[in-house]
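Q: Pasting structure17.csv below, which is CSV, C-alpha atoms (C1' of nucleotides).
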chain,number,residue,atom,x,y,z
D,1,MET,CA,1.5,9.0,12.4
D,2,SER,CA,-1.2,10.9,10.8
D,3,THR,CA,-4.5,10.9,12.6
D,4,ALA,CA,-8.2,10.9,11.8
D,5,CYS,CA,-9.2,13.9,13.9
D,6,ASP,CA,-8.2,17.4,14.7
D,7,HIS,CA,-7.8,17.6,18.4
D,8,ALA,CA,-4.6,17.4,20.5
D,9,HIS,CA,-3.2,14.1,21.8
D,10,ASP,CA,-1.3,14.4,25.0
D,11,HIS,CA,-1.2,10.7,25.8
D,12,ASP,CA,1.9,9.8,23.9
D,13,HIS,CA,4.0,6.8,24.9
D,14,VAL,CA,7.5,8.1,25.0
D,15,LEU,CA,10.4,6.0,26.1
D,16,SER,CA,13.0,7.3,28.5
D,17,ASP,CA,16.6,7.4,27.4
D,18,ALA,CA,17.5,4.8,29.9
D,19,ALA,CA,14.7,2.5,28.8
D,20,LYS,CA,15.7,3.0,25.2
D,21,ALA,CA,19.3,2.1,25.9
D,22,MET,CA,18.1,-1.0,27.6
D,23,ARG,CA,16.0,-2.1,24.7
D,24,LEU,CA,18.9,-1.5,22.3
D,25,ASP,CA,21.2,-3.6,24.5
D,26,GLU,CA,18.6,-6.4,24.6
D,27,ALA,CA,18.2,-6.3,20.9
D,28,GLN,CA,22.0,-6.6,20.5
D,29,ALA,CA,22.1,-9.6,22.8
D,30,LEU,CA,19.2,-11.2,21.0
D,31,CYS,CA,21.0,-11.0,17.7
D,32,VAL,CA,24.3,-12.2,19.1
D,33,GLU,CA,22.5,-15.2,20.6
D,34,ALA,CA,20.8,-15.9,17.2
D,35,GLY,CA,24.1,-15.6,15.4
D,36,GLU,CA,23.0,-12.6,13.5
D,37,ARG,CA,24.7,-9.2,13.2
D,38,MET,CA,23.1,-6.1,14.7
D,39,THR,CA,24.7,-3.6,12.4
D,40,THR,CA,24.7,0.2,12.5
D,41,SER,CA,21.8,0.6,10.0
D,42,ARG,CA,19.7,-2.0,11.8
D,43,LEU,CA,20.4,-0.5,15.2
D,44,ARG,CA,19.6,3.0,14.0
D,45,THR,CA,16.4,1.8,12.4
D,46,TYR,CA,15.4,0.0,15.6
D,47,GLU,CA,16.2,3.1,17.6
D,48,LEU,CA,14.0,5.3,15.5
D,49,ILE,CA,11.1,2.9,15.9
D,50,LEU,CA,11.6,2.8,19.6
D,51,GLU,CA,11.7,6.6,19.7
D,52,ALA,CA,8.5,6.8,17.7
D,53,GLY,CA,6.7,5.4,20.7
D,54,GLY,CA,4.1,4.0,18.3
D,55,PRO,CA,3.6,2.9,14.7
D,56,ILE,CA,6.0,4.7,12.4
D,57,LYS,CA,6.0,4.6,8.6
D,58,ALA,CA,9.1,3.4,6.6
D,59,TYR,CA,9.6,6.8,5.0
D,60,ASP,CA,9.5,8.6,8.4
D,61,VAL,CA,12.4,6.3,9.4
D,62,ILE,CA,14.1,7.1,6.1
D,63,ASP,CA,13.7,10.8,6.7
D,64,ARG,CA,15.0,10.7,10.2
D,65,PHE,CA,17.8,8.3,9.6
D,66,HIS,CA,20.6,10.8,9.2
D,67,PRO,CA,20.9,14.1,11.1
D,68,ASP,CA,21.3,15.7,7.7
D,69,GLY,CA,19.2,14.3,4.9
D,70,ALA,CA,17.4,11.0,4.4
D,71,ALA,CA,18.6,7.5,4.0
D,72,LYS,CA,18.2,5.5,0.8
D,73,PRO,CA,15.0,3.4,0.9
D,74,PRO,CA,16.7,0.0,0.5
D,75,THR,CA,18.8,0.7,3.6
D,76,VAL,CA,15.8,1.1,5.8
D,77,TYR,CA,13.6,-1.5,4.1
D,78,ARG,CA,16.4,-4.1,4.5
D,79,ALA,CA,16.7,-3.2,8.2
D,80,LEU,CA,13.0,-3.4,8.7
D,81,SER,CA,12.8,-6.9,7.3
D,82,PHE,CA,15.7,-8.0,9.4
D,83,LEU,CA,14.2,-6.6,12.5
D,84,GLU,CA,10.8,-8.1,11.7
D,85,GLN,CA,12.4,-11.5,11.2
D,86,MET,CA,14.1,-11.2,14.5
D,87,GLY,CA,10.8,-10.5,16.1
D,88,LEU,CA,12.0,-7.1,17.3
D,89,ILE,CA,9.3,-5.2,15.4
D,90,HIS,CA,5.9,-5.9,13.9
D,91,ARG,CA,4.5,-4.7,10.7
D,92,ILE,CA,1.0,-3.2,11.0
D,93,GLU,CA,-0.5,-4.2,7.7
D,94,SER,CA,-3.5,-2.0,7.8
D,95,LEU,CA,-1.3,1.1,8.4
D,96,ASN,CA,1.7,0.3,6.3
D,97,ALA,CA,3.7,1.0,9.5
D,98,PHE,CA,6.0,-0.6,11.9
D,99,VAL,CA,6.1,-0.8,15.7
D,100,ALA,CA,8.5,-2.1,18.2
D,101,CYS,CA,7.5,-5.5,19.7
D,102,ASP,CA,6.3,-4.9,23.2
D,103,THR,CA,6.7,-8.4,24.7
D,104,ARG,CA,9.8,-10.2,25.8
D,105,ASP,CA,8.4,-13.2,23.9
D,106,HIS,CA,9.6,-12.6,20.3
D,107,ALA,CA,8.3,-14.8,17.5
D,108,HIS,CA,4.7,-14.7,18.7
D,109,THR,CA,1.5,-13.9,17.0
D,110,ALA,CA,0.9,-10.3,16.6
D,111,ALA,CA,-2.3,-8.6,17.8
D,112,PHE,CA,-2.9,-4.9,18.1
D,113,LEU,CA,-5.5,-2.4,19.3
D,114,LEU,CA,-5.0,0.5,16.9
D,115,CYS,CA,-6.5,3.9,17.7
D,116,ASP,CA,-7.6,5.6,14.5
D,117,CYS,CA,-7.7,8.9,16.3
D,118,CYS,CA,-4.4,9.4,18.0
D,119,GLY,CA,-2.6,6.7,16.1
D,120,SER,CA,-1.4,4.8,19.1
D,121,SER,CA,-1.1,1.0,19.1
D,122,GLU,CA,-1.3,-1.4,22.0
D,123,GLU,CA,0.0,-4.9,21.6
D,124,ILE,CA,-2.2,-7.4,23.3
D,125,ALA,CA,-1.8,-11.0,24.2
D,126,ILE,CA,-3.7,-13.0,21.7
D,127,PRO,CA,-6.6,-14.6,23.4
D,128,SER,CA,-9.7,-15.5,21.5
D,129,VAL,CA,-11.3,-13.2,18.9
D,130,PRO,CA,-14.7,-12.9,20.7
D,131,GLU,CA,-12.5,-12.0,23.7
D,132,ILE,CA,-10.8,-9.2,21.8
D,133,GLU,CA,-13.6,-6.9,22.5
D,134,ALA,CA,-13.6,-7.9,26.2
D,135,THR,CA,-9.8,-7.3,26.4
D,136,ALA,CA,-10.3,-4.1,24.6
D,137,ALA,CA,-13.2,-3.0,26.7
D,138,ARG,CA,-11.0,-3.6,29.8
D,139,THR,CA,-8.6,-1.0,28.6
D,140,GLY,CA,-11.4,1.2,27.4
D,141,PHE,CA,-10.7,0.7,23.8
D,142,GLN,CA,-13.7,0.8,21.5
D,143,VAL,CA,-13.3,-1.7,18.7
D,144,GLN,CA,-14.7,-0.6,15.3
D,145,HIS,CA,-13.1,-3.0,12.9
D,146,VAL,CA,-11.1,-6.2,13.2
D,147,THR,CA,-8.9,-7.7,10.6
D,148,LEU,CA,-7.5,-11.1,11.0
D,149,GLU,CA,-5.2,-12.6,8.4
D,150,ALA,CA,-3.7,-16.0,8.7
D,151,HIS,CA,-1.0,-16.7,6.1
D,152,GLY,CA,0.3,-20.2,5.3
D,153,LEU,CA,-0.2,-23.0,2.8
D,154,CYS,CA,-3.4,-24.5,1.7
D,155,GLN,CA,-3.7,-28.2,1.5
D,156,ALA,CA,-3.2,-28.4,-2.3
D,157,CYS,CA,0.0,-26.4,-2.0
D,158,GLN,CA,1.5,-28.5,0.7
D,159,ALA,CA,1.4,-31.5,-1.5
D,160,ALA,CA,2.9,-29.7,-4.4
T,161,MET,CA,-2.2,-12.9,-7.8
T,162,SER,CA,1.5,-13.5,-7.7
T,163,THR,CA,2.7,-16.5,-5.9
T,164,ALA,CA,5.6,-17.6,-3.7
T,165,CYS,CA,6.5,-20.7,-5.7
T,166,ASP,CA,7.1,-22.0,-9.1
T,167,HIS,CA,4.7,-25.0,-9.5
T,168,ALA,CA,1.4,-25.1,-11.2
T,169,HIS,CA,-1.9,-24.5,-9.3
T,170,ASP,CA,-4.8,-26.3,-10.7
T,171,HIS,CA,-7.2,-25.7,-7.8
T,172,ASP,CA,-8.6,-22.4,-8.9
T,173,HIS,CA,-12.0,-21.3,-7.7
T,174,VAL,CA,-13.8,-20.1,-10.8
T,175,LEU,CA,-17.3,-18.9,-10.7
T,176,SER,CA,-19.8,-20.1,-13.3
T,177,ASP,CA,-21.5,-17.5,-15.4
T,178,ALA,CA,-24.8,-18.3,-13.8
T,179,ALA,CA,-23.3,-18.0,-10.3
T,180,LYS,CA,-21.7,-14.7,-11.3
T,181,ALA,CA,-24.9,-13.3,-12.6
T,182,MET,CA,-26.7,-14.3,-9.4
T,183,ARG,CA,-24.0,-12.6,-7.3
T,184,LEU,CA,-24.3,-9.4,-9.4
T,185,ASP,CA,-28.1,-9.4,-9.0
T,186,GLU,CA,-27.8,-9.9,-5.3
T,187,ALA,CA,-25.4,-7.0,-5.1
T,188,GLN,CA,-27.8,-4.8,-7.0
T,189,ALA,CA,-30.6,-5.7,-4.7
T,190,LEU,CA,-28.5,-5.1,-1.6
T,191,CYS,CA,-27.7,-1.6,-2.9
T,192,VAL,CA,-31.2,-0.7,-3.7
T,193,GLU,CA,-32.3,-1.9,-0.3
T,194,ALA,CA,-29.6,0.3,1.3
T,195,GLY,CA,-30.7,3.3,-0.8
T,196,GLU,CA,-27.3,3.3,-2.6
T,197,ARG,CA,-26.7,3.3,-6.4
T,198,MET,CA,-25.0,0.3,-8.0
T,199,THR,CA,-23.5,2.2,-10.9
T,200,THR,CA,-21.8,0.8,-14.0
T,201,SER,CA,-18.2,1.3,-12.6
T,202,ARG,CA,-19.1,-0.2,-9.3
T,203,LEU,CA,-20.8,-3.2,-11.0
T,204,ARG,CA,-17.9,-3.7,-13.4
T,205,THR,CA,-15.4,-3.6,-10.5
T,206,TYR,CA,-17.4,-6.1,-8.5
T,207,GLU,CA,-17.7,-8.3,-11.6
T,208,LEU,CA,-13.9,-8.3,-12.1
T,209,ILE,CA,-13.4,-9.2,-8.4
T,210,LEU,CA,-15.9,-12.1,-8.7
T,211,GLU,CA,-14.2,-13.3,-11.9
T,212,ALA,CA,-10.8,-13.2,-10.2
T,213,GLY,CA,-12.0,-16.1,-7.9
T,214,GLY,CA,-9.6,-14.9,-5.2
T,215,PRO,CA,-7.7,-11.9,-4.0
T,216,ILE,CA,-7.1,-9.4,-6.8
T,217,LYS,CA,-5.0,-6.3,-6.8
T,218,ALA,CA,-6.4,-2.8,-7.5
T,219,TYR,CA,-4.2,-2.4,-10.6
T,220,ASP,CA,-5.3,-5.7,-12.0
T,221,VAL,CA,-8.9,-4.5,-11.8
T,222,ILE,CA,-7.7,-1.2,-13.4
T,223,ASP,CA,-6.0,-3.1,-16.2
T,224,ARG,CA,-9.0,-5.3,-17.0
T,225,PHE,CA,-11.7,-2.7,-16.6
T,226,HIS,CA,-12.1,-1.8,-20.3
T,227,PRO,CA,-11.8,-4.3,-23.2
T,228,ASP,CA,-9.3,-1.9,-24.7
T,229,GLY,CA,-7.0,-0.1,-22.3
T,230,ALA,CA,-7.1,0.5,-18.6
T,231,ALA,CA,-9.4,2.5,-16.3
T,232,LYS,CA,-8.2,5.6,-14.4
T,233,PRO,CA,-7.1,4.6,-10.9
T,234,PRO,CA,-9.6,6.9,-9.1
T,235,THR,CA,-12.5,5.2,-10.9
T,236,VAL,CA,-11.5,1.8,-9.5
T,237,TYR,CA,-10.4,3.0,-6.1
T,238,ARG,CA,-13.7,4.8,-5.6
T,239,ALA,CA,-15.6,1.7,-6.6
T,240,LEU,CA,-13.5,-0.4,-4.3
T,241,SER,CA,-14.2,1.8,-1.3
T,242,PHE,CA,-17.9,1.8,-2.1
T,243,LEU,CA,-18.0,-2.0,-2.4
T,244,GLU,CA,-16.1,-2.4,0.8
T,245,GLN,CA,-18.5,-0.1,2.6
T,246,MET,CA,-21.4,-2.2,1.3
T,247,GLY,CA,-19.7,-5.3,2.7
T,248,LEU,CA,-19.6,-6.8,-0.8
T,249,ILE,CA,-15.8,-7.1,-0.8
T,250,HIS,CA,-13.0,-7.2,1.8
T,251,ARG,CA,-9.6,-5.7,1.6
T,252,ILE,CA,-6.8,-8.0,2.5
T,253,GLU,CA,-4.4,-5.7,4.2
T,254,SER,CA,-1.3,-7.9,4.1
T,255,LEU,CA,-1.7,-8.4,0.3
T,256,ASN,CA,-2.9,-5.0,-0.8
T,257,ALA,CA,-5.6,-6.9,-2.5
T,258,PHE,CA,-9.4,-7.3,-2.6
T,259,VAL,CA,-11.7,-10.3,-2.5
T,260,ALA,CA,-15.4,-10.8,-2.8
T,261,CYS,CA,-17.2,-11.4,0.5
T,262,ASP,CA,-18.1,-15.0,0.7
T,263,THR,CA,-20.9,-14.9,3.2
T,264,ARG,CA,-24.5,-13.7,2.9
T,265,ASP,CA,-23.9,-11.9,6.2
T,266,HIS,CA,-22.3,-8.6,5.0
T,267,ALA,CA,-21.0,-6.2,7.6
T,268,HIS,CA,-19.2,-8.8,9.6
T,269,THR,CA,-15.6,-9.3,10.9
T,270,ALA,CA,-13.3,-10.5,8.2
T,271,ALA,CA,-11.0,-13.4,8.7
T,272,PHE,CA,-9.0,-15.2,6.1
T,273,LEU,CA,-6.8,-18.2,5.4
T,274,LEU,CA,-4.4,-17.0,2.8
T,275,CYS,CA,-2.2,-19.4,0.9
T,276,ASP,CA,1.2,-17.9,0.2
T,277,CYS,CA,1.8,-20.5,-2.5
T,278,CYS,CA,-1.2,-20.4,-4.8
T,279,GLY,CA,-2.5,-17.1,-3.6
T,280,SER,CA,-6.0,-18.4,-2.8
T,281,SER,CA,-8.0,-17.1,0.1
T,282,GLU,CA,-10.7,-18.8,2.2
T,283,GLU,CA,-13.0,-16.7,4.3
T,284,ILE,CA,-13.7,-18.3,7.6
T,285,ALA,CA,-16.3,-17.7,10.3
T,286,ILE,CA,-14.4,-15.9,13.0
T,287,PRO,CA,-14.2,-18.2,16.0
T,288,SER,CA,-11.4,-17.8,18.5
T,289,VAL,CA,-7.8,-17.2,17.6
T,290,PRO,CA,-6.5,-20.3,19.3
T,291,GLU,CA,-9.2,-22.0,17.3
T,292,ILE,CA,-8.0,-20.6,14.0
T,293,GLU,CA,-5.4,-23.2,13.8
T,294,ALA,CA,-7.9,-25.9,14.5
T,295,THR,CA,-10.3,-24.5,11.9
T,296,ALA,CA,-7.4,-24.2,9.5
T,297,ALA,CA,-6.2,-27.7,10.2
T,298,ARG,CA,-9.7,-29.1,9.5
T,299,THR,CA,-9.4,-27.7,6.0
T,300,GLY,CA,-5.8,-28.9,5.8
T,301,PHE,CA,-4.4,-25.3,5.9
T,302,GLN,CA,-1.0,-25.0,7.5
T,303,VAL,CA,-0.9,-21.6,9.4
T,304,GLN,CA,2.4,-19.9,9.3
T,305,HIS,CA,1.6,-16.4,10.4
T,306,VAL,CA,-1.4,-14.7,11.8
T,307,THR,CA,-2.0,-11.0,11.9
T,308,LEU,CA,-4.9,-9.5,13.8
T,309,GLU,CA,-5.6,-5.8,13.8
T,310,ALA,CA,-8.4,-4.2,15.7
T,311,HIS,CA,-9.1,-0.6,14.8
T,312,GLY,CA,-11.1,1.7,16.8
T,313,LEU,CA,-10.7,4.4,19.4
T,314,CYS,CA,-8.6,4.3,22.6
T,315,GLN,CA,-10.0,5.5,25.8
T,316,ALA,CA,-8.3,8.9,25.6
T,317,CYS,CA,-9.6,9.6,22.2
T,318,GLN,CA,-13.2,8.8,23.0
T,319,ALA,CA,-13.3,11.5,25.6
T,320,ALA,CA,-11.7,14.1,23.3
B,321,DA,C1',-40.5,19.0,-18.2
B,322,DG,C1',-37.3,22.1,-15.8
B,323,DC,C1',-34.9,23.5,-11.6
B,324,DT,C1',-31.9,22.5,-7.7
B,325,DG,C1',-28.9,20.2,-4.7
B,326,DA,C1',-26.5,16.1,-3.9
B,327,DT,C1',-23.9,12.4,-5.7
B,328,DT,C1',-21.0,10.3,-9.0
B,329,DT,C1',-17.6,10.4,-12.5
B,330,DG,C1',-13.7,12.2,-15.5
B,331,DT,C1',-9.1,13.9,-15.7
B,332,DT,C1',-4.6,15.3,-14.6
B,333,DA,C1',-1.2,15.3,-11.7
B,334,DT,C1',1.2,13.7,-7.9
B,335,DA,C1',2.0,11.4,-3.4
B,336,DT,C1',3.2,7.3,-1.0
B,337,DT,C1',5.1,2.8,-0.5
B,338,DA,C1',8.4,-0.6,-2.0
B,339,DT,C1',11.6,-3.3,-5.0
B,340,DT,C1',15.1,-4.5,-8.7
B,341,DA,C1',19.6,-4.7,-10.1
B,342,DC,C1',24.2,-4.5,-9.8
B,343,DA,C1',28.5,-2.7,-7.8
B,344,DT,C1',31.1,-2.4,-3.6
B,345,DA,C1',32.4,-3.3,1.0
B,346,DT,C1',32.6,-5.8,5.2
B,347,DT,C1',32.7,-9.9,7.9
B,348,DT,C1',33.4,-14.8,8.7
B,349,DT,C1',35.5,-19.0,7.6
B,350,DT,C1',39.0,-21.7,5.8
G,351,DA,C1',45.7,-14.1,3.2
G,352,DA,C1',42.1,-16.1,0.1
G,353,DA,C1',37.5,-17.5,-0.5
G,354,DA,C1',32.8,-17.4,0.6
G,355,DA,C1',29.0,-15.4,2.6
G,356,DT,C1',26.8,-11.5,4.2
G,357,DA,C1',25.6,-6.7,4.2
G,358,DT,C1',25.6,-2.0,2.2
G,359,DG,C1',25.6,1.8,-1.4
G,360,DT,C1',23.4,3.7,-5.3
G,361,DA,C1',20.4,4.7,-9.1
G,362,DA,C1',16.5,3.8,-11.2
G,363,DT,C1',11.9,2.4,-11.3
G,364,DA,C1',7.8,-0.3,-10.0
G,365,DA,C1',3.5,-0.6,-7.4
G,366,DT,C1',0.0,1.4,-4.7
G,367,DA,C1',-3.0,5.2,-3.7
G,368,DT,C1',-4.9,10.0,-3.3
G,369,DA,C1',-5.7,15.2,-4.1
G,370,DA,C1',-8.0,18.6,-6.5
G,371,DC,C1',-11.2,20.4,-9.4
G,372,DA,C1',-14.2,20.3,-13.4
G,373,DA,C1',-18.1,18.0,-15.6
G,374,DA,C1',-21.8,15.0,-15.8
G,375,DT,C1',-25.6,12.5,-13.8
G,376,DC,C1',-29.3,11.5,-10.7
G,377,DA,C1',-33.2,12.2,-7.2
G,378,DG,C1',-36.6,15.0,-5.5
G,379,DC,C1',-39.3,19.0,-6.1
G,380,DT,C1',-42.4,22.3,-8.4
Starting from the coordinates I provided, produce the structure as structure tokens.
A:
Amino acid sequence: MSTACDHAHDHDHVLSDAAKAMRLDEAQALCVEAGERMTTSRLRTYELILEAGGPIKAYDVIDRFHPDGAAKPPTVYRALSFLEQMGLIHRIESLNAFVACDTRDHAHTAAFLLCDCCGSSEEIAIPSVPEIEATAARTGFQVQHVTLEAHGLCQACQAA
Amino acid sequence: MSTACDHAHDHDHVLSDAAKAMRLDEAQALCVEAGERMTTSRLRTYELILEAGGPIKAYDVIDRFHPDGAAKPPTVYRALSFLEQMGLIHRIESLNAFVACDTRDHAHTAAFLLCDCCGSSEEIAIPSVPEIEATAARTGFQVQHVTLEAHGLCQACQAA
DNA sequence: AGCTGATTTGTTATATTATTACATATTTTT
DNA sequence: AAAAATATGTAATAATATAACAAATCAGCT
């Protein structure tokens, strides 16, 4: 991820190989259970997101997909939608980026603390919005801007 | 805005000419008070967003900017950032769209109920996330997906 | 009014993000 | 094995956004 500053960031969240393997296995299992197919492209995409250790852009996944040369965009975008539908990853709207879901509870509401300096993201349990600052403060995070977007259907459109 | 369905939407929120003129005047005043300049481009951009009566895309503003032919992208993107900084409009991250701020209290946290069917948006006072569904239900809105993104600085980056 | 520095705009080009459309291949079901 | 559903490959292009630099405009000063 690009950052908003010029100093070094030594507090990366890197996943051990063992941890990564476990996450990949869990994802496999989740798909089997849901009657969905965890194909090579999907697994590779998920692996790259896990390896990123934070929000990663679609085109960074595309670039890293093959050892030699990039993937075709649709390959990765398709995998990303699949993974998102499975609840394995979240899309961070304000960054145009994707991050591995950090909870065992897939299919939950997504809430993130996003550092504009180092580019890290922390997934938080979704409490109450006034409590966000409190939760954030507990981890030392200084909130500067909150975006909350609830999608759905308005009354008129449910009738129609 | 594009919509996710094929039926008609007769519940548009259109601003009367008088109401629009008032909002433009208020915006002028707000800028003067802040020591900023409400220039022609900025005013025109704001006007188009008001006229849209809901979330509008940057390129729709660009296309409508001049009676004959489109504006240059930077013209509009610059105006959009200015208006956003002034708290006159909000960016809806998940739609790549912009909407006029609906409260007198500029510089507040943005929260929206976004209908994926007719494309309308309602700005809501930001209560608590568990209460979002309640607020939404009160207006008959059926929430399907909530995104909450808090930007700021993580602990490590405040020190640096 | 004219000078000066800061701000805003114009212009061209290009970067970034994402989808369409259609052919092919693979997997699952019958 | 055939049919149907699902997933992938491929090329092209659409949609969104910014960089870089020149020119114009504005605010404050003399």
Q: Quick one: residues within 10 Å of segment 329-334 of chain B, all atoms listed in the file, excluding same-chain residues fewer than 6 positions away - as a list in words?
A: Ser201, Lys232, Pro234, Thr235 and Arg238 of chain T; DT368, DA369, DA370, DC371, DA372, DA373, DA374 and DT375 of chain G
Q: Figure out the distance between atom CA of Lys217 of chain T and atom CA of Thr199 of chain T, please, to one decimal in Å.
A: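 We find that atom CA of Thr199 of chain T and atom CA of Lys217 of chain T lie 20.8 Å from each other.
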Q: Report as a list of chain:residue names all protein, DNA and RNA residues lying within 7 Å of segment 109-116 of chain D, evaluated on all atoms listed in the file, omitting residues in the same chain fewer than 5 positions from it.
A: D:Thr3, D:Ala4, D:Ser121, D:Glu122, D:Glu123, D:Ile124, D:Ala125, D:Ile126, T:Val306, T:Thr307, T:Leu308, T:Glu309, T:Ala310, T:His311, T:Gly312, T:Leu313, T:Cys314
Q: Using only C-alpha atoms, what does the table of segment 202-242 of chain T residues within 6 Å of segment 254-264 of chain T look like, with each row giving the shortest atom pair and its distance in Å to one decimal, sorted by chain and ascending number, as a Markdown table?
A:
| residue | atom | partner | partner_atom | distance |
| --- | --- | --- | --- | --- |
| T:Gly214 | CA | T:Val259 | CA | 5.7 |
| T:Pro215 | CA | T:Val259 | CA | 4.6 |
| T:Ile216 | CA | T:Ala257 | CA | 5.2 |
| T:Lys217 | CA | T:Ala257 | CA | 4.4 |
Q: Taking all atoms listed in the file into account, name the residue in T:Val174, T:Cys278, T:Ile249, T:Ala212 that is nearest to chain D.
A: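 Checking each candidate against chain D, we get T:Cys278 as the closest.
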Q: Residues at most 8 Å from segment 358-366 of chain G, counting all atoms listed in the file, excluding those fewer than 6 positions away in the same chain, as a ChimeraX atom specification?
A: /D:75 /B:336-339,344-345
